[in-house]
file structure00.txt (compact mmCIF, C-alpha atoms and all ligand atoms)
# COMPACT_ATOMS: atom_id res chain seq x y z
CA MET A 1 18.55 -8.15 -2.97
CA GLU A 2 16.83 -11.02 -4.76
CA SER A 3 15.23 -10.94 -8.21
CA TRP A 4 11.67 -11.25 -6.85
CA GLU A 5 12.14 -7.83 -5.24
CA GLU A 6 12.60 -6.02 -8.56
CA PRO A 7 8.89 -5.25 -9.22
CA TYR A 8 8.63 -3.98 -5.63
CA MET A 9 11.66 -1.73 -6.18
CA GLN A 10 9.86 -0.44 -9.28
CA LYS A 11 6.81 0.38 -7.15
CA LEU A 12 8.90 2.23 -4.54
CA ALA A 13 10.73 4.13 -7.29
CA SER A 14 7.44 5.18 -8.88
CA ILE A 15 6.22 6.54 -5.52
CA ALA A 16 9.46 8.43 -4.85
CA ALA A 17 9.51 9.93 -8.36
CA SER A 18 5.79 10.72 -8.53
CA ASN A 19 6.32 14.47 -8.04
CA GLY A 20 9.29 14.71 -10.41
CA GLY A 21 11.76 17.35 -9.21
CA ARG A 22 14.59 16.33 -6.87
CA VAL A 23 14.54 12.70 -5.69
CA LEU A 24 16.79 11.61 -2.83
CA GLU A 25 17.65 7.91 -2.67
CA VAL A 26 19.49 6.40 0.29
CA GLY A 27 21.33 3.12 -0.44
CA PHE A 28 22.33 2.34 -4.06
CA GLY A 29 22.86 -1.45 -3.69
CA LEU A 30 22.56 -3.02 -7.13
CA GLY A 31 21.03 0.14 -8.54
CA ILE A 32 17.72 -1.59 -9.30
CA SER A 33 15.47 1.01 -7.70
CA ALA A 34 17.76 3.78 -9.00
CA SER A 35 17.29 2.51 -12.57
CA PHE A 36 13.52 2.59 -12.07
CA VAL A 37 13.66 6.14 -10.63
CA GLN A 38 15.47 7.13 -13.81
CA GLN A 39 12.47 6.02 -15.89
CA HIS A 40 10.57 9.05 -14.57
CA PRO A 41 11.02 12.66 -15.69
CA ILE A 42 12.93 14.05 -12.70
CA GLU A 43 15.25 17.05 -12.37
CA GLU A 44 17.84 15.58 -10.04
CA HIS A 45 18.53 12.17 -8.49
CA MET A 46 20.72 12.48 -5.43
CA ILE A 47 21.97 9.10 -4.14
CA ILE A 48 23.76 8.54 -0.82
CA GLU A 49 25.86 5.36 -0.59
CA ALA A 50 28.24 4.39 2.23
CA ASN A 51 30.16 1.48 0.67
CA GLN A 52 33.14 2.49 -1.49
CA GLU A 53 32.80 -0.38 -3.99
CA VAL A 54 29.09 0.21 -4.41
CA PHE A 55 29.80 3.92 -4.71
CA ASN A 56 32.19 3.23 -7.60
CA ARG A 57 29.32 1.50 -9.41
CA LEU A 58 27.08 4.44 -8.57
CA GLN A 59 29.57 6.81 -10.21
CA ALA A 60 29.50 4.69 -13.37
CA PHE A 61 25.69 4.69 -13.24
CA ALA A 62 25.70 8.50 -12.94
CA LYS A 63 27.65 8.84 -16.19
CA THR A 64 25.00 7.09 -18.31
CA ALA A 65 21.75 7.84 -16.45
CA PRO A 66 19.13 9.76 -18.47
CA TYR A 67 18.54 12.36 -15.73
CA PRO A 68 21.21 14.13 -13.64
CA VAL A 69 22.58 12.03 -10.77
CA THR A 70 24.42 13.53 -7.79
CA PRO A 71 26.33 10.73 -6.00
CA LYS A 72 27.22 11.31 -2.33
CA LEU A 73 29.71 8.99 -0.61
CA GLY A 74 29.18 8.32 3.09
CA LEU A 75 26.74 7.19 5.73
CA TRP A 76 23.45 9.02 5.43
CA GLU A 77 23.91 9.82 9.13
CA ASP A 78 26.80 12.09 8.10
CA VAL A 79 25.56 13.30 4.72
CA VAL A 80 21.97 14.45 5.34
CA SER A 81 23.00 17.24 7.71
CA THR A 82 24.66 18.90 4.69
CA LEU A 83 21.37 18.96 2.74
CA PRO A 84 19.01 21.96 3.05
CA ASP A 85 15.56 21.92 4.63
CA GLY A 86 12.64 21.50 2.23
CA SER A 87 14.80 20.48 -0.72
CA CYS A 88 13.34 17.09 -1.78
CA ASP A 89 10.23 16.27 -3.81
CA GLY A 90 10.57 12.54 -3.19
CA ILE A 91 12.66 10.25 -1.00
CA LEU A 92 13.37 6.50 -1.21
CA TYR A 93 15.18 4.90 1.75
CA ASP A 94 16.48 1.32 1.50
CA THR A 95 19.52 0.51 3.65
CA TYR A 96 20.63 -2.06 6.21
CA PRO A 97 20.64 -1.69 10.00
CA LEU A 98 24.04 -1.00 11.55
CA SER A 99 23.34 -3.53 14.32
CA GLU A 100 20.93 -6.37 15.09
CA ASP A 101 19.34 -4.18 17.79
CA ASP A 102 18.26 -1.70 15.09
CA LEU A 103 16.59 -4.33 12.89
CA HIS A 104 13.05 -3.01 13.29
CA ILE A 105 13.76 0.66 13.85
CA HIS A 106 16.75 1.83 11.77
CA GLN A 107 14.47 3.50 9.23
CA PHE A 108 12.95 5.80 11.84
CA ASP A 109 16.14 7.71 12.59
CA PHE A 110 16.18 8.53 8.90
CA VAL A 111 12.43 9.29 8.83
CA ARG A 112 12.98 12.14 11.30
CA GLN A 113 15.54 13.64 8.91
CA ALA A 114 13.25 13.05 5.94
CA TYR A 115 10.61 15.29 7.50
CA ARG A 116 13.07 18.17 7.54
CA LEU A 117 14.35 17.50 4.02
CA MET A 118 10.97 17.22 2.35
CA LYS A 119 9.11 19.96 0.53
CA PRO A 120 5.53 20.50 1.82
CA ASN A 121 4.06 18.36 -0.96
CA GLY A 122 6.93 15.83 -0.99
CA VAL A 123 6.58 12.06 -0.61
CA LEU A 124 8.64 9.53 1.32
CA THR A 125 8.71 5.80 0.72
CA TYR A 126 10.95 3.20 2.33
CA CYS A 127 11.30 -0.49 3.09
CA ASN A 128 12.71 -2.77 5.75
CA LEU A 129 12.13 -6.23 4.31
CA THR A 130 13.89 -8.19 7.04
CA SER A 131 11.91 -6.44 9.75
CA TRP A 132 8.58 -6.70 7.95
CA GLY A 133 9.17 -10.33 6.99
CA ASN A 134 9.69 -11.03 10.68
CA LEU A 135 6.71 -8.92 11.85
CA LYS A 136 4.35 -10.70 9.45
CA ALA A 137 4.14 -13.59 11.91
CA GLN A 138 2.49 -11.24 14.40
CA TYR A 139 0.69 -8.97 11.90
CA PRO A 140 -0.24 -10.95 8.77
CA GLU A 141 -2.24 -8.03 7.33
CA ASP A 142 -0.07 -5.27 5.85
CA GLN A 143 -2.43 -2.47 6.91
CA ILE A 144 -2.34 -3.63 10.55
CA LEU A 145 1.42 -4.15 10.43
CA PHE A 146 1.77 -0.57 9.14
CA GLU A 147 -0.59 0.92 11.73
CA LYS A 148 0.92 -0.91 14.69
CA THR A 149 4.64 -0.79 13.88
CA GLN A 150 5.25 2.14 11.50
CA VAL A 151 2.58 4.79 11.98
CA PRO A 152 3.50 5.73 15.59
CA HIS A 153 7.09 6.51 14.53
CA LEU A 154 5.99 8.36 11.39
CA LYS A 155 3.61 10.53 13.42
CA GLU A 156 6.29 11.20 16.01
CA ALA A 157 8.52 12.48 13.19
CA GLY A 158 5.73 14.92 12.20
CA PHE A 159 4.15 13.14 9.24
CA SER A 160 0.35 13.07 9.20
CA ASN A 161 -0.66 11.94 5.70
CA LEU A 162 0.08 8.22 5.85
CA ARG A 163 -1.08 5.42 3.62
CA ILE A 164 0.18 2.26 1.98
CA GLU A 165 -0.26 0.35 -1.22
CA ILE A 166 -0.38 -3.40 -0.80
CA PHE A 167 1.88 -4.99 -3.37
CA ASN A 168 1.87 -8.63 -4.51
CA VAL A 169 5.23 -10.40 -4.37
CA SER A 170 6.53 -13.92 -5.05
CA PRO A 171 9.50 -14.52 -2.75
CA LEU A 172 11.73 -17.47 -3.59
CA ALA A 173 11.07 -20.50 -1.39
CA ALA A 174 14.63 -20.20 -0.09
CA CYS A 175 14.35 -16.51 0.84
CA GLN A 176 15.46 -16.19 4.46
CA TYR A 177 13.90 -12.81 5.24
CA TYR A 178 10.51 -12.63 3.50
CA GLN A 179 7.93 -15.31 2.81
CA ALA A 180 4.59 -13.48 2.60
CA LEU A 181 2.80 -12.93 -0.72
CA THR A 182 2.12 -9.25 -0.16
CA ILE A 183 4.24 -6.37 1.06
CA LEU A 184 3.41 -2.82 1.99
CA ALA A 185 4.66 0.19 0.03
CA PRO A 186 4.52 3.31 2.23
CA ILE A 187 3.28 6.62 0.79
CA VAL A 188 4.16 9.16 3.46
CA LYS A 189 3.50 12.88 3.21
CA LYS A 190 3.49 15.85 5.59
C1 LIG B 201 19.40 -3.11 0.25
S1 LIG B 201 20.67 -2.24 -0.55
C2 LIG B 201 19.77 -1.12 -1.58
C3 LIG B 201 19.13 -1.82 -2.73
C4 LIG B 201 18.62 -0.88 -3.81
N1 LIG B 201 17.34 -0.30 -3.43
C5 LIG B 201 18.47 -1.62 -5.12
O1 LIG B 201 17.37 -1.60 -5.70
O2 LIG B 201 19.45 -2.21 -5.60
C6 LIG B 201 21.26 -1.21 0.73
C7 LIG B 201 22.41 -0.27 0.36
O3 LIG B 201 22.49 0.70 1.40
C8 LIG B 201 23.87 0.95 1.68
N2 LIG B 201 23.89 1.45 3.07
C9 LIG B 201 23.74 0.71 4.21
N3 LIG B 201 23.76 1.53 5.28
C10 LIG B 201 23.93 2.80 4.82
C11 LIG B 201 24.00 4.08 5.45
N4 LIG B 201 23.91 4.20 6.77
N5 LIG B 201 24.19 5.18 4.66
C12 LIG B 201 24.27 5.04 3.30
N6 LIG B 201 24.20 3.84 2.65
C13 LIG B 201 24.02 2.74 3.40
C14 LIG B 201 24.55 -0.40 1.46
O4 LIG B 201 25.92 -0.23 1.22
C15 LIG B 201 23.78 -0.93 0.26
O5 LIG B 201 24.40 -0.53 -0.95

call {"tool": "encode", "arguments": {"input": "structure00.txt", "output": "structure tokens"}}
result
Amino acid sequence: MESWEEPYMQKLASIAASNGGRVLEVGFGLGISASFVQQHPIEEHMIIEANQEVFNRLQAFAKTAPYPVTPKLGLWEDVVSTLPDGSCDGILYDTYPLSEDDLHIHQFDFVRQAYRLMKPNGVLTYCNLTSWGNLKAQYPEDQILFEKTQVPHLKEAGFSNLRIEIFNVSPLAACQYYQALTILAPIVKK
């Protein structure tokens, strides 16, 4: 996570929290997006985090956050099966792939679960900066990148209301994984 990503994290947080209610976040990291989620009037902020040290920071965050936080320790692959169908108003997914082979597709395993977890009017947003930074060479336009590389998987998961916002960013010259000046912010609904 680099500082130029913070406004983008704010955008993703505002999408995930746009319905209020229960927001599920996957991957706490530095807690940047989580802090932005907490700027919205939500009822519950459930956060799944696999790394024990990061989870310790998440527990500290939960103690001072303005709105109730429910921290869950573990891989989302293990935790989401414990969550009920149709229980989330908004979801924000931002994790790493478990292997290099999953670089472009790790989000889609989660997307299939997100469909089950989401209320009928819920909203999912997510990012995969390393993948999208790489795909920009082939698809310089965000809308085309979304349509060619994300939409087929989102539709396969059951989602049909799919759009993006195109967000301006200023990556550092030394950033290894993203060099474009715009990035897509998915707004995915059933
Ligand atoms: C890119 S960071 C999240 C950054 C966060 N959005 C922020 O604004 O600071 C990814 C986080 O996901 C966690 N993570 C990676 N794979 C995971 C998985 N399978 N389940 C749960 N958490 C995972 C990592 O430990 C890390 O804390």

call {"tool": "residues_near_ligand", "arguments": {"input": "structure00.txt", "ligand": "ligand LIG 201 (chain B)", "cutoff": "9 Å", "atoms": "only C-alpha atoms and all ligand atoms", "output": "PyMOL selection string"}}
result
chain A and resi 1+5-6+9-10+12-13+25-36+47-55+72-79+92-98+127-129

call {"tool": "residues_around", "arguments": {"input": "structure00.txt", "residues": "Leu184 in chain A", "least_positions_apart": "4", "cutoff": "7 Å", "atoms": "all atoms listed in the file", "output": "list in words"}}
result
Asp142, Ile164, Glu165, Ile166 and Phe167 of chain A

call {"tool": "atom_distance", "arguments": {"input": "structure00.txt", "atom1": "CA of Ala114 in chain A", "atom2": "CA of Asp85 in chain A"}}
result
9.3 Å

call {"tool": "atom_distance", "arguments": {"input": "structure00.txt", "atom1": "CA of Ile91 in chain A", "atom2": "CA of Gly21 in chain A"}}
result
10.9 Å

call {"tool": "atom_distance", "arguments": {"input": "structure00.txt", "atom1": "CA of Ala185 in chain A", "atom2": "CA of Asp101 in chain A"}}
result
23.5 Å

call {"tool": "closest_residue", "arguments": {"input": "structure00.txt", "among": "A:Phe61, A:Trp132, A:Tyr139, A:Trp4", "to": "Gln107 in chain A", "atoms": "all atoms listed in the file"}}
result
A:Trp132

call {"tool": "closest_residue", "arguments": {"input": "structure00.txt", "among": "A:Met46, A:Ile105, A:Val80, A:Leu135", "to": "Tyr178 in chain A", "atoms": "only C-alpha atoms"}}
result
A:Leu135

call {"tool": "residues_around", "arguments": {"input": "structure00.txt", "residues": "Leu162 in chain A", "least_positions_apart": "4", "cutoff": "10 Å", "atoms": "all atoms listed in the file", "output": "NGL selection string"}}
result
:A and (123-124 or 146-147 or 150-151 or 154-155 or 186-190)

call {"tool": "residues_around", "arguments": {"input": "structure00.txt", "residues": "Glu2 in chain A", "least_positions_apart": "4", "cutoff": "10 Å", "atoms": "all atoms listed in the file", "output": "ChimeraX atom specification"}}
result
/A:6,171-172,175

call {"tool": "closest_residue", "arguments": {"input": "structure00.txt", "among": "A:Gln143, A:Gln138, A:Asn19, A:Thr70", "to": "His45 in chain A", "atoms": "all atoms listed in the file"}}
result
A:Thr70

call {"tool": "closest_residue", "arguments": {"input": "structure00.txt", "among": "A:His153, A:Gly90, A:Ala62, A:Asn168", "to": "Asp109 in chain A", "atoms": "all atoms listed in the file"}}
result
A:His153

call {"tool": "closest_residue", "arguments": {"input": "structure00.txt", "among": "A:Pro140, A:Pro7, A:Gly122, A:Gly158", "to": "Asp89 in chain A", "atoms": "all atoms listed in the file"}}
result
A:Gly122

call {"tool": "closest_residue", "arguments": {"input": "structure00.txt", "among": "A:Pro68, A:Gly133, A:Gly86, A:Pro152", "to": "Asn121 in chain A", "atoms": "all atoms listed in the file"}}
result
A:Gly86

call {"tool": "axis_aligned_box", "arguments": {"input": "structure00.txt", "around": "range 112-120 of chain A", "padding_each_side": "4 Å", "output": "JSON"}}
result
{"center_x": 10.5, "center_y": 16.3, "center_z": 5.9, "size_x": 18.0, "size_y": 16.4, "size_z": 18.8}
